Amino acid sequence: MSIDLGAKIDEMVRLGGGAAGRHAPASELRPPITAPERITLPDAELMLWRELFTGSESAGYFQCLSDGVDWRQDRITLFGRTVNSPRLTAWYGDAGVTYAYSGLSLVAGGWLAGLLSIRERVGQAARTIFNSVLLNLYRNEADSMGWHSDDEPSLGPNPVIGSVSFGATRTFQLQHKRCKASRSVIELTDGSLLLMSGSTQHHWRHRVPKSNVPCGPRINLTFRTIK
Ligand SMILES: O=C(O)CCC(=O)C(=O)O
């Protein structure tokens, strides 16, 4: 699929951008990247930018990703029963970059333009060049992701994971692997970036539980570097 999502979003932001927006490309209107909030947990390195993307950028990206991404419905086997995964997913990145997890092996076929412009912003904040991204579409409050760590060997010993959220706010829970009573909760809001690095994936697992409050769709992108 080769929709120029970046150009489409620039156009959407420009149309909604007032007098200055009619003349300047959206990329020139973006505010500078502000300092993140540090989330202090033992054995973890977590930083949160609550508004890495403006409201209009987030709305533009949400729409373009909903429409332009080739979403897949994976099947997973739990306790001997094969069922639909409770969300839709997609994998993009440098051509040929392969990610194997939960019994799946995903091969990237390249980038969409919109994903490249999101990657640029996330890379500036994280000071990292990511070569791939896993996307999750949570269609409503019933969609979820179970406890796991992003600790596959292909991510290297101390992976840097940049997690961007667009759309509905969802609760992100963390639990220490050894000390299970040690838990933390972060509300991941529209336009936010949560950066997980250092030994976080060794010591902590995370999940996005179902919500008992009805909510609209959310798209999450976890930028990664496959070695
Ligand atoms: O949706 C989220 O915030 C979490 C995504 C996640 O944990 C993952 O893709 O590994």
# chains A, B, ... in the order shown; residues from 1 in each chain; ligands from 1
call {"tool": "select_by_dssp", "arguments": {"residues": "segment 25-189 of chain A", "states": "strand (DSSP E or B)", "output": "number ranges by chain"}}
result
A: 37-39, 45-49, 72, 75-78, 81-84, 88-93, 98-101, 104-107, 110, 132-138, 145-148, 161-167, 170-176, 183-188
call {"tool": "closest_atom_pairs", "arguments": {"of": "chain A", "to": "ligand 1", "cutoff": "10 Å", "atoms": "only C-alpha atoms and all ligand atoms", "output": "Markdown table"}}
result
| residue | atom | partner | partner_atom_place_in_ligand_line | distance |
| --- | --- | --- | --- | --- |
| A:Arg87 | CA | ligand 1 | 1 (O) | 9.7 |
| A:Thr89 | CA | ligand 1 | 9 (O) | 9.0 |
| A:Tyr101 | CA | ligand 1 | 10 (O) | 9.9 |
| A:Val133 | CA | ligand 1 | 9 (O) | 8.8 |
| A:Leu134 | CA | ligand 1 | 9 (O) | 6.1 |
| A:Leu135 | CA | ligand 1 | 9 (O) | 6.8 |
| A:Asn136 | CA | ligand 1 | 1 (O) | 6.3 |
| A:Leu137 | CA | ligand 1 | 1 (O) | 8.2 |
| A:Tyr138 | CA | ligand 1 | 1 (O) | 7.8 |
| A:Asp143 | CA | ligand 1 | 1 (O) | 10.0 |
| A:Ser144 | CA | ligand 1 | 1 (O) | 7.8 |
| A:Met145 | CA | ligand 1 | 7 (O) | 6.8 |
| A:Gly146 | CA | ligand 1 | 7 (O) | 8.2 |
| A:Trp147 | CA | ligand 1 | 7 (O) | 8.2 |
| A:His148 | CA | ligand 1 | 7 (O) | 7.2 |
| A:Ser149 | CA | ligand 1 | 10 (O) | 7.1 |
| A:Asp150 | CA | ligand 1 | 10 (O) | 5.9 |
| A:Asp151 | CA | ligand 1 | 10 (O) | 9.6 |
| A:Ile161 | CA | ligand 1 | 10 (O) | 8.7 |
| A:Gly162 | CA | ligand 1 | 9 (O) | 9.8 |
| A:Ser163 | CA | ligand 1 | 3 (O) | 6.4 |
| A:Val164 | CA | ligand 1 | 3 (O) | 7.5 |
| A:Ser165 | CA | ligand 1 | 3 (O) | 6.9 |
| A:Thr169 | CA | ligand 1 | 3 (O) | 9.7 |
| A:Arg170 | CA | ligand 1 | 3 (O) | 7.5 |
| A:Thr171 | CA | ligand 1 | 3 (O) | 7.9 |
| A:Phe172 | CA | ligand 1 | 3 (O) | 6.0 |
| A:Gln173 | CA | ligand 1 | 3 (O) | 9.0 |
| A:Ile186 | CA | ligand 1 | 3 (O) | 9.6 |
| A:Glu187 | CA | ligand 1 | 3 (O) | 9.3 |
| A:Leu188 | CA | ligand 1 | 3 (O) | 7.0 |
| A:Thr189 | CA | ligand 1 | 3 (O) | 9.8 |
| A:Leu193 | CA | ligand 1 | 3 (O) | 9.6 |
| A:Leu194 | CA | ligand 1 | 3 (O) | 8.5 |
| A:Arg205 | CA | ligand 1 | 7 (O) | 8.8 |
| A:His206 | CA | ligand 1 | 7 (O) | 6.3 |
| A:Arg207 | CA | ligand 1 | 7 (O) | 5.9 |
| A:Val208 | CA | ligand 1 | 2 (C) | 5.9 |
| A:Pro209 | CA | ligand 1 | 1 (O) | 9.5 |
| A:Arg218 | CA | ligand 1 | 1 (O) | 8.3 |
| A:Ile219 | CA | ligand 1 | 1 (O) | 7.5 |
| A:Asn220 | CA | ligand 1 | 1 (O) | 4.9 |
| A:Leu221 | CA | ligand 1 | 9 (O) | 6.9 |
| A:Thr222 | CA | ligand 1 | 9 (O) | 5.4 |
| A:Phe223 | CA | ligand 1 | 9 (O) | 8.7 |
| A:Arg224 | CA | ligand 1 | 9 (O) | 9.7 |
call {"tool": "write_last_selection", "arguments": {"atoms": "N, CA and C atoms", "output": "short mmCIF file (atom, residue, chain, number, x, y, z; two decimals), in the first residue's frame"}}
result
data_model
loop_
_atom_site.label_atom_id
_atom_site.label_comp_id
_atom_site.auth_asym_id
_atom_site.auth_seq_id
_atom_site.Cartn_x
_atom_site.Cartn_y
_atom_site.Cartn_z
N ARG A 87 -7.42 -7.85 19.43
CA ARG A 87 -7.04 -6.55 18.82
C ARG A 87 -6.59 -6.88 17.40
N THR A 89 -3.58 -6.11 14.42
CA THR A 89 -2.16 -5.75 14.45
C THR A 89 -1.62 -5.50 13.04
N TYR A 101 7.42 -13.40 17.47
CA TYR A 101 6.90 -13.35 18.84
C TYR A 101 5.59 -14.13 18.89
N VAL A 133 8.13 -1.06 13.37
CA VAL A 133 7.04 -0.66 14.29
C VAL A 133 5.95 -1.73 14.29
N LEU A 134 5.50 -2.08 15.49
CA LEU A 134 4.35 -2.98 15.65
C LEU A 134 3.15 -2.10 15.98
N LEU A 135 2.08 -2.25 15.21
CA LEU A 135 0.88 -1.44 15.48
C LEU A 135 -0.22 -2.32 16.05
N ASN A 136 -0.96 -1.77 17.00
CA ASN A 136 -2.11 -2.45 17.58
C ASN A 136 -3.32 -1.55 17.48
N LEU A 137 -4.42 -2.10 16.99
CA LEU A 137 -5.68 -1.35 16.96
C LEU A 137 -6.64 -1.98 17.97
N TYR A 138 -6.93 -1.22 19.03
CA TYR A 138 -7.89 -1.64 20.05
C TYR A 138 -9.22 -1.02 19.62
N ASP A 143 -11.15 -4.82 23.68
CA ASP A 143 -9.85 -5.24 23.16
C ASP A 143 -8.77 -5.01 24.21
N SER A 144 -7.70 -5.80 24.14
CA SER A 144 -6.71 -5.78 25.22
C SER A 144 -5.40 -6.39 24.76
N MET A 145 -4.40 -6.31 25.64
CA MET A 145 -3.15 -7.04 25.44
C MET A 145 -2.73 -7.62 26.79
N GLY A 146 -2.38 -8.89 26.81
CA GLY A 146 -2.06 -9.57 28.08
C GLY A 146 -0.66 -9.27 28.58
N TRP A 147 -0.36 -9.75 29.78
CA TRP A 147 0.95 -9.54 30.40
C TRP A 147 2.07 -10.09 29.52
N HIS A 148 3.07 -9.31 29.28
CA HIS A 148 4.25 -9.76 28.54
C HIS A 148 5.38 -8.76 28.74
N SER A 149 6.59 -9.15 28.30
CA SER A 149 7.72 -8.22 28.22
C SER A 149 8.19 -8.24 26.77
N ASP A 150 8.71 -7.12 26.32
CA ASP A 150 9.28 -7.08 24.97
C ASP A 150 10.75 -7.46 25.10
N ASP A 151 10.99 -8.76 25.26
CA ASP A 151 12.35 -9.20 25.59
C ASP A 151 12.85 -10.30 24.65
N ILE A 161 12.11 0.92 23.47
CA ILE A 161 10.79 0.77 22.84
C ILE A 161 10.06 2.11 22.97
N GLY A 162 9.67 2.67 21.84
CA GLY A 162 8.93 3.94 21.84
C GLY A 162 7.47 3.68 21.54
N SER A 163 6.61 3.90 22.54
CA SER A 163 5.20 3.51 22.43
C SER A 163 4.31 4.77 22.30
N VAL A 164 3.72 4.92 21.11
CA VAL A 164 2.89 6.11 20.80
C VAL A 164 1.43 5.71 20.82
N SER A 165 0.58 6.58 21.35
CA SER A 165 -0.85 6.30 21.40
C SER A 165 -1.65 7.39 20.69
N THR A 169 -8.00 7.03 25.49
CA THR A 169 -7.05 6.76 26.58
C THR A 169 -7.25 5.34 27.07
N ARG A 170 -6.14 4.60 27.24
CA ARG A 170 -6.22 3.27 27.85
C ARG A 170 -5.20 3.16 28.97
N THR A 171 -5.50 2.27 29.90
CA THR A 171 -4.65 2.08 31.07
C THR A 171 -3.54 1.09 30.74
N PHE A 172 -2.31 1.48 31.04
CA PHE A 172 -1.13 0.65 30.82
C PHE A 172 -0.63 0.24 32.20
N GLN A 173 -0.59 -1.06 32.46
CA GLN A 173 -0.18 -1.53 33.79
C GLN A 173 1.19 -2.20 33.71
N ILE A 186 -0.13 3.67 34.21
CA ILE A 186 0.06 4.91 33.46
C ILE A 186 -1.13 5.03 32.50
N GLU A 187 -1.78 6.18 32.50
CA GLU A 187 -2.87 6.40 31.54
C GLU A 187 -2.24 6.90 30.24
N LEU A 188 -2.36 6.12 29.18
CA LEU A 188 -1.74 6.51 27.91
C LEU A 188 -2.78 7.28 27.08
N THR A 189 -2.54 8.58 26.96
CA THR A 189 -3.51 9.47 26.33
C THR A 189 -3.14 9.73 24.87
N LEU A 193 3.81 9.72 24.13
CA LEU A 193 4.90 8.76 23.86
C LEU A 193 5.42 8.25 25.20
N LEU A 194 5.43 6.95 25.38
CA LEU A 194 6.07 6.32 26.54
C LEU A 194 7.33 5.63 26.03
N ARG A 205 6.92 -6.67 33.49
CA ARG A 205 6.02 -7.03 32.39
C ARG A 205 4.94 -5.95 32.35
N HIS A 206 4.24 -5.89 31.22
CA HIS A 206 3.20 -4.86 31.09
C HIS A 206 2.00 -5.42 30.34
N ARG A 207 0.88 -4.74 30.47
CA ARG A 207 -0.33 -5.15 29.74
C ARG A 207 -1.29 -3.96 29.59
N VAL A 208 -2.24 -4.12 28.66
CA VAL A 208 -3.35 -3.17 28.53
C VAL A 208 -4.61 -4.00 28.77
N PRO A 209 -5.21 -3.91 29.96
CA PRO A 209 -6.37 -4.77 30.24
C PRO A 209 -7.62 -4.25 29.53
N ARG A 218 -8.48 2.92 19.78
CA ARG A 218 -7.14 3.46 20.07
C ARG A 218 -6.13 2.73 19.18
N ILE A 219 -5.19 3.50 18.65
CA ILE A 219 -4.08 2.89 17.90
C ILE A 219 -2.82 3.10 18.71
N ASN A 220 -2.08 2.01 18.92
CA ASN A 220 -0.79 2.08 19.61
C ASN A 220 0.30 1.64 18.63
N LEU A 221 1.41 2.36 18.65
CA LEU A 221 2.55 2.00 17.79
C LEU A 221 3.75 1.80 18.70
N THR A 222 4.36 0.63 18.65
CA THR A 222 5.61 0.45 19.43
C THR A 222 6.76 0.37 18.43
N PHE A 223 7.57 1.44 18.42
CA PHE A 223 8.74 1.49 17.55
C PHE A 223 9.85 0.67 18.21
N ARG A 224 10.54 -0.09 17.39
CA ARG A 224 11.55 -1.03 17.89
C ARG A 224 12.78 -1.02 16.98
#
call {"tool": "closest_residue", "arguments": {"among": "A:Arg72, A:Lys177, A:Arg139, A:Arg38", "to": "Leu106 of chain A", "atoms": "only C-alpha atoms"}}
result
A:Arg72
call {"tool": "closest_residue", "arguments": {"among": "A:Ala44, A:Val213, A:Ala59, A:Ile39", "to": "Thr200 of chain A", "atoms": "only C-alpha atoms"}}
result
A:Ala44
call {"tool": "residues_around", "arguments": {"residues": "Lys227 of chain A", "least_positions_apart": "5", "cutoff": "10 Å", "atoms": "only C-alpha atoms", "output": "PyMOL selection string"}}
result
chain A and resi 97-99+131+153-156+159
call {"tool": "select_by_dssp", "arguments": {"residues": "segment 3-184 of chain A", "states": "helix (DSSP H, G or I)", "output": "mmCIF file with N, CA and C atoms, in the first residue's frame"}}
result
data_model
loop_
_atom_site.group_PDB
_atom_site.id
_atom_site.type_symbol
_atom_site.label_atom_id
_atom_site.label_comp_id
_atom_site.auth_asym_id
_atom_site.auth_seq_id
_atom_site.Cartn_x
_atom_site.Cartn_y
_atom_site.Cartn_z
ATOM 1 N N LEU A 5 0.689 9.083 3.308
ATOM 2 C CA LEU A 5 0.004 9.505 4.532
ATOM 3 C C LEU A 5 0.607 10.784 5.089
ATOM 4 N N GLY A 6 1.938 10.932 4.979
ATOM 5 C CA GLY A 6 2.601 12.132 5.526
ATOM 6 C C GLY A 6 2.044 13.381 4.874
ATOM 7 N N ALA A 7 1.958 13.366 3.534
ATOM 8 C CA ALA A 7 1.473 14.536 2.803
ATOM 9 C C ALA A 7 0.000 14.778 3.137
ATOM 10 N N LYS A 8 -0.768 13.684 3.262
ATOM 11 C CA LYS A 8 -2.195 13.813 3.566
ATOM 12 C C LYS A 8 -2.389 14.469 4.941
ATOM 13 N N ILE A 9 -1.575 14.045 5.905
ATOM 14 C CA ILE A 9 -1.685 14.606 7.245
ATOM 15 C C ILE A 9 -1.239 16.063 7.249
ATOM 16 N N ASP A 10 -0.133 16.369 6.554
ATOM 17 C CA ASP A 10 0.299 17.769 6.442
ATOM 18 C C ASP A 10 -0.859 18.616 5.927
ATOM 19 N N GLU A 11 -1.563 18.093 4.928
ATOM 20 C CA GLU A 11 -2.665 18.837 4.323
ATOM 21 C C GLU A 11 -3.807 19.005 5.331
ATOM 22 N N MET A 12 -4.137 17.914 6.078
ATOM 23 C CA MET A 12 -5.230 17.996 7.048
ATOM 24 C C MET A 12 -4.903 18.988 8.143
ATOM 25 N N VAL A 13 -3.647 18.958 8.629
ATOM 26 C CA VAL A 13 -3.258 19.864 9.708
ATOM 27 C C VAL A 13 -3.274 21.287 9.184
ATOM 28 N N ARG A 14 -2.831 21.469 7.918
ATOM 29 C CA ARG A 14 -2.769 22.816 7.334
ATOM 30 C C ARG A 14 -4.173 23.392 7.202
ATOM 31 N N LEU A 15 -5.125 22.552 6.749
ATOM 32 C CA LEU A 15 -6.490 23.044 6.561
ATOM 33 C C LEU A 15 -7.108 23.474 7.878
ATOM 34 N N GLY A 18 -5.515 27.430 10.790
ATOM 35 C CA GLY A 18 -5.613 28.885 10.909
ATOM 36 C C GLY A 18 -4.763 29.604 9.877
ATOM 37 N N ALA A 19 -4.560 30.918 10.078
ATOM 38 C CA ALA A 19 -3.904 31.747 9.068
ATOM 39 C C ALA A 19 -2.498 31.253 8.752
ATOM 40 N N ALA A 20 -1.713 30.986 9.796
ATOM 41 C CA ALA A 20 -0.337 30.545 9.551
ATOM 42 C C ALA A 20 -0.354 29.205 8.828
ATOM 43 N N GLY A 21 -1.337 28.360 9.184
ATOM 44 C CA GLY A 21 -1.389 27.025 8.627
ATOM 45 C C GLY A 21 -1.652 27.004 7.129
ATOM 46 N N ALA A 26 2.905 21.659 7.749
ATOM 47 C CA ALA A 26 2.597 21.313 9.143
ATOM 48 C C ALA A 26 3.853 21.070 9.949
ATOM 49 N N SER A 27 4.897 20.488 9.280
ATOM 50 C CA SER A 27 6.111 20.160 10.024
ATOM 51 C C SER A 27 6.756 21.407 10.618
ATOM 52 N N GLU A 28 6.551 22.592 9.951
ATOM 53 C CA GLU A 28 7.144 23.824 10.495
ATOM 54 C C GLU A 28 6.312 24.397 11.631
ATOM 55 N N LEU A 29 5.053 23.947 11.758
ATOM 56 C CA LEU A 29 4.181 24.483 12.803
ATOM 57 C C LEU A 29 4.301 23.710 14.104
ATOM 58 N N GLY A 55 -3.188 17.796 19.233
ATOM 59 C CA GLY A 55 -4.503 17.173 19.021
ATOM 60 C C GLY A 55 -4.815 17.001 17.543
ATOM 61 N N SER A 56 -4.489 18.025 16.714
ATOM 62 C CA SER A 56 -4.840 17.880 15.292
ATOM 63 C C SER A 56 -3.916 16.895 14.593
ATOM 64 N N GLU A 57 -2.649 16.852 14.989
ATOM 65 C CA GLU A 57 -1.762 15.833 14.401
ATOM 66 C C GLU A 57 -2.270 14.442 14.762
ATOM 67 N N SER A 58 -2.622 14.250 16.026
ATOM 68 C CA SER A 58 -3.073 12.926 16.482
ATOM 69 C C SER A 58 -4.333 12.496 15.740
ATOM 70 N N ALA A 59 -5.267 13.451 15.570
ATOM 71 C CA ALA A 59 -6.512 13.112 14.856
ATOM 72 C C ALA A 59 -6.201 12.736 13.411
ATOM 73 N N GLY A 60 -5.281 13.472 12.787
ATOM 74 C CA GLY A 60 -4.903 13.177 11.400
ATOM 75 C C GLY A 60 -4.236 11.821 11.284
ATOM 76 N N TYR A 61 -3.293 11.547 12.175
ATOM 77 C CA TYR A 61 -2.607 10.252 12.129
ATOM 78 C C TYR A 61 -3.587 9.112 12.408
ATOM 79 N N PHE A 62 -4.464 9.324 13.397
ATOM 80 C CA PHE A 62 -5.420 8.265 13.741
ATOM 81 C C PHE A 62 -6.238 7.880 12.504
ATOM 82 N N GLN A 63 -6.781 8.904 11.820
ATOM 83 C CA GLN A 63 -7.629 8.640 10.660
ATOM 84 C C GLN A 63 -6.854 7.939 9.546
ATOM 85 N N CYS A 64 -5.660 8.473 9.265
ATOM 86 C CA CYS A 64 -4.878 7.900 8.163
ATOM 87 C C CYS A 64 -4.408 6.483 8.473
ATOM 88 N N LEU A 65 -4.050 6.222 9.732
ATOM 89 C CA LEU A 65 -3.608 4.860 10.076
ATOM 90 C C LEU A 65 -4.790 3.895 10.067
ATOM 91 N N SER A 66 -5.952 4.357 10.578
ATOM 92 C CA SER A 66 -7.146 3.479 10.546
ATOM 93 C C SER A 66 -7.428 3.056 9.116
ATOM 94 N N ASP A 67 -7.378 4.038 8.202
ATOM 95 C CA ASP A 67 -7.758 3.760 6.811
ATOM 96 C C ASP A 67 -6.635 3.100 6.008
ATOM 97 N N GLY A 68 -5.378 3.488 6.284
ATOM 98 C CA GLY A 68 -4.290 3.115 5.368
ATOM 99 C C GLY A 68 -3.489 1.892 5.761
ATOM 100 N N ALA A 113 4.305 6.457 4.371
ATOM 101 C CA ALA A 113 4.872 7.797 4.582
ATOM 102 C C ALA A 113 4.503 8.352 5.964
ATOM 103 N N GLY A 114 3.252 8.130 6.387
ATOM 104 C CA GLY A 114 2.821 8.643 7.693
ATOM 105 C C GLY A 114 3.601 8.012 8.837
ATOM 106 N N LEU A 115 3.908 6.728 8.691
ATOM 107 C CA LEU A 115 4.683 6.052 9.740
ATOM 108 C C LEU A 115 6.092 6.626 9.805
ATOM 109 N N LEU A 116 6.631 7.002 8.640
ATOM 110 C CA LEU A 116 7.981 7.585 8.637
ATOM 111 C C LEU A 116 7.978 8.929 9.351
ATOM 112 N N SER A 117 6.893 9.725 9.163
ATOM 113 C CA SER A 117 6.925 11.023 9.860
ATOM 114 C C SER A 117 6.691 10.857 11.361
ATOM 115 N N ILE A 118 5.916 9.864 11.774
ATOM 116 C CA ILE A 118 5.775 9.601 13.216
ATOM 117 C C ILE A 118 7.125 9.109 13.759
ATOM 118 N N ARG A 119 7.763 8.208 13.006
ATOM 119 C CA ARG A 119 9.063 7.681 13.459
ATOM 120 C C ARG A 119 10.082 8.802 13.638
ATOM 121 N N GLU A 120 10.030 9.791 12.741
ATOM 122 C CA GLU A 120 11.003 10.885 12.842
ATOM 123 C C GLU A 120 10.841 11.618 14.173
ATOM 124 N N ARG A 121 9.575 11.922 14.527
ATOM 125 C CA ARG A 121 9.318 12.666 15.773
ATOM 126 C C ARG A 121 9.717 11.817 16.995
ATOM 127 N N VAL A 122 9.357 10.542 16.949
ATOM 128 C CA VAL A 122 9.664 9.653 18.085
ATOM 129 C C VAL A 122 11.180 9.463 18.200
ATOM 130 N N GLY A 123 11.842 9.338 17.051
ATOM 131 C CA GLY A 123 13.298 9.173 17.041
ATOM 132 C C GLY A 123 14.016 10.392 17.608
ATOM 133 N N GLN A 124 13.463 11.594 17.329
ATOM 134 C CA GLN A 124 14.070 12.814 17.891
ATOM 135 C C GLN A 124 13.956 12.809 19.405
ATOM 136 N N ALA A 125 12.765 12.447 19.900
ATOM 137 C CA ALA A 125 12.558 12.430 21.356
ATOM 138 C C ALA A 125 13.440 11.360 22.007
ATOM 139 N N ALA A 126 13.491 10.188 21.376
ATOM 140 C CA ALA A 126 14.214 9.046 21.976
ATOM 141 C C ALA A 126 15.694 9.054 21.656
ATOM 142 N N PRO A 153 15.097 -12.115 21.997
ATOM 143 C CA PRO A 153 16.529 -11.907 21.728
ATOM 144 C C PRO A 153 16.799 -10.957 20.557
ATOM 145 N N SER A 154 15.912 -10.960 19.560
ATOM 146 C CA SER A 154 16.150 -10.109 18.374
ATOM 147 C C SER A 154 16.099 -8.614 18.716
ATOM 148 N N LEU A 155 15.593 -8.255 19.899
ATOM 149 C CA LEU A 155 15.538 -6.840 20.307
ATOM 150 C C LEU A 155 16.820 -6.410 21.019
#
call {"tool": "atom_distance", "arguments": {"atom1": "atom CA of Met196 of chain A", "atom2": "atom CA of Pro157 of chain A"}}
result
13.0 Å
call {"tool": "atom_distance", "arguments": {"atom1": "atom CA of Ser105 of chain A", "atom2": "atom CA of Phe130 of chain A"}}
result
18.8 Å
call {"tool": "residues_around", "arguments": {"residues": "Gln175 of chain A", "least_positions_apart": "5", "cutoff": "6 Å", "atoms": "only C-alpha atoms", "output": "PDB file with N, CA and C atoms, in the first residue's frame"}}
result
ATOM      1  N   LYS A 180       5.879  -9.189  42.732  1.00  0.00           N
ATOM      2  CA  LYS A 180       4.620  -8.993  41.997  1.00  0.00           C
ATOM      3  C   LYS A 180       3.714  -7.924  42.606  1.00  0.00           C
ATOM      4  N   SER A 182       4.695  -5.122  43.403  1.00  0.00           N
ATOM      5  CA  SER A 182       5.147  -3.826  42.908  1.00  0.00           C
ATOM      6  C   SER A 182       4.525  -3.586  41.534  1.00  0.00           C
ATOM      7  N   ARG A 183       3.559  -2.668  41.506  1.00  0.00           N
ATOM      8  CA  ARG A 183       2.788  -2.407  40.281  1.00  0.00           C
ATOM      9  C   ARG A 183       2.734  -0.931  40.008  1.00  0.00           C
ATOM     10  N   TRP A 204      10.358  -6.028  34.331  1.00  0.00           N
ATOM     11  CA  TRP A 204       8.938  -5.680  34.389  1.00  0.00           C
ATOM     12  C   TRP A 204       8.192  -6.311  33.232  1.00  0.00           C
ATOM     13  N   ARG A 205       6.920  -6.675  33.487  1.00  0.00           N
ATOM     14  CA  ARG A 205       6.025  -7.031  32.393  1.00  0.00           C
ATOM     15  C   ARG A 205       4.938  -5.952  32.345  1.00  0.00           C
TER      16      ARG A 205
END
call {"tool": "atom_distance", "arguments": {"atom1": "atom CA of Tyr92 of chain A", "atom2": "atom CA of Glu141 of chain A"}}
result
25.1 Å
call {"tool": "closest_residue", "arguments": {"among": "A:Asp70, A:Ala181, A:Glu45, A:Leu88", "to": "Ala108 of chain A", "atoms": "only C-alpha atoms"}}
result
A:Asp70
call {"tool": "decode", "arguments": {"residues": "segment 95-113 of chain A", "atoms": "N, CA and C atoms", "output": "short mmCIF file (atom, residue, chain, number, x, y, z; two decimals), in the first residue's frame"}}
result
data_model
loop_
_atom_site.label_atom_id
_atom_site.label_comp_id
_atom_site.auth_asym_id
_atom_site.auth_seq_id
_atom_site.Cartn_x
_atom_site.Cartn_y
_atom_site.Cartn_z
N ALA A 95 12.52 -2.94 4.80
CA ALA A 95 12.12 -4.17 4.09
C ALA A 95 12.95 -5.36 4.58
N GLY A 96 12.27 -6.41 4.93
CA GLY A 96 12.93 -7.65 5.34
C GLY A 96 13.14 -7.79 6.84
N VAL A 97 12.95 -6.71 7.60
CA VAL A 97 13.14 -6.82 9.06
C VAL A 97 12.06 -7.74 9.62
N THR A 98 12.51 -8.75 10.34
CA THR A 98 11.59 -9.82 10.78
C THR A 98 11.48 -9.84 12.30
N TYR A 99 10.25 -9.96 12.78
CA TYR A 99 10.01 -10.02 14.23
C TYR A 99 9.24 -11.30 14.53
N ALA A 100 9.82 -12.13 15.38
CA ALA A 100 9.15 -13.38 15.75
C ALA A 100 8.71 -13.25 17.20
N TYR A 101 7.42 -13.40 17.47
CA TYR A 101 6.90 -13.35 18.84
C TYR A 101 5.59 -14.13 18.89
N SER A 102 5.32 -14.68 20.05
CA SER A 102 4.07 -15.44 20.29
C SER A 102 3.75 -16.41 19.15
N GLY A 103 4.77 -17.08 18.63
CA GLY A 103 4.53 -18.07 17.59
C GLY A 103 4.30 -17.48 16.20
N LEU A 104 4.40 -16.16 16.06
CA LEU A 104 4.21 -15.52 14.75
C LEU A 104 5.56 -15.08 14.21
N SER A 105 5.70 -14.99 12.90
CA SER A 105 6.92 -14.45 12.32
C SER A 105 6.50 -13.42 11.28
N LEU A 106 6.77 -12.15 11.59
CA LEU A 106 6.28 -11.06 10.74
C LEU A 106 7.46 -10.46 9.98
N VAL A 107 7.29 -10.30 8.66
CA VAL A 107 8.36 -9.74 7.82
C VAL A 107 7.89 -8.38 7.30
N ALA A 108 8.67 -7.33 7.57
CA ALA A 108 8.27 -5.98 7.13
C ALA A 108 8.50 -5.81 5.63
N GLY A 109 7.57 -5.08 5.01
CA GLY A 109 7.69 -4.85 3.57
C GLY A 109 7.97 -3.39 3.27
N GLY A 110 8.39 -2.61 4.26
CA GLY A 110 8.65 -1.18 4.03
C GLY A 110 7.77 -0.33 4.93
N TRP A 111 7.78 0.98 4.68
CA TRP A 111 7.09 1.94 5.53
C TRP A 111 5.98 2.64 4.76
N LEU A 112 4.96 3.11 5.46
CA LEU A 112 4.02 4.09 4.90
C LEU A 112 4.60 5.47 5.20
N ALA A 113 4.31 6.46 4.37
CA ALA A 113 4.87 7.80 4.58
C ALA A 113 4.50 8.35 5.96
#
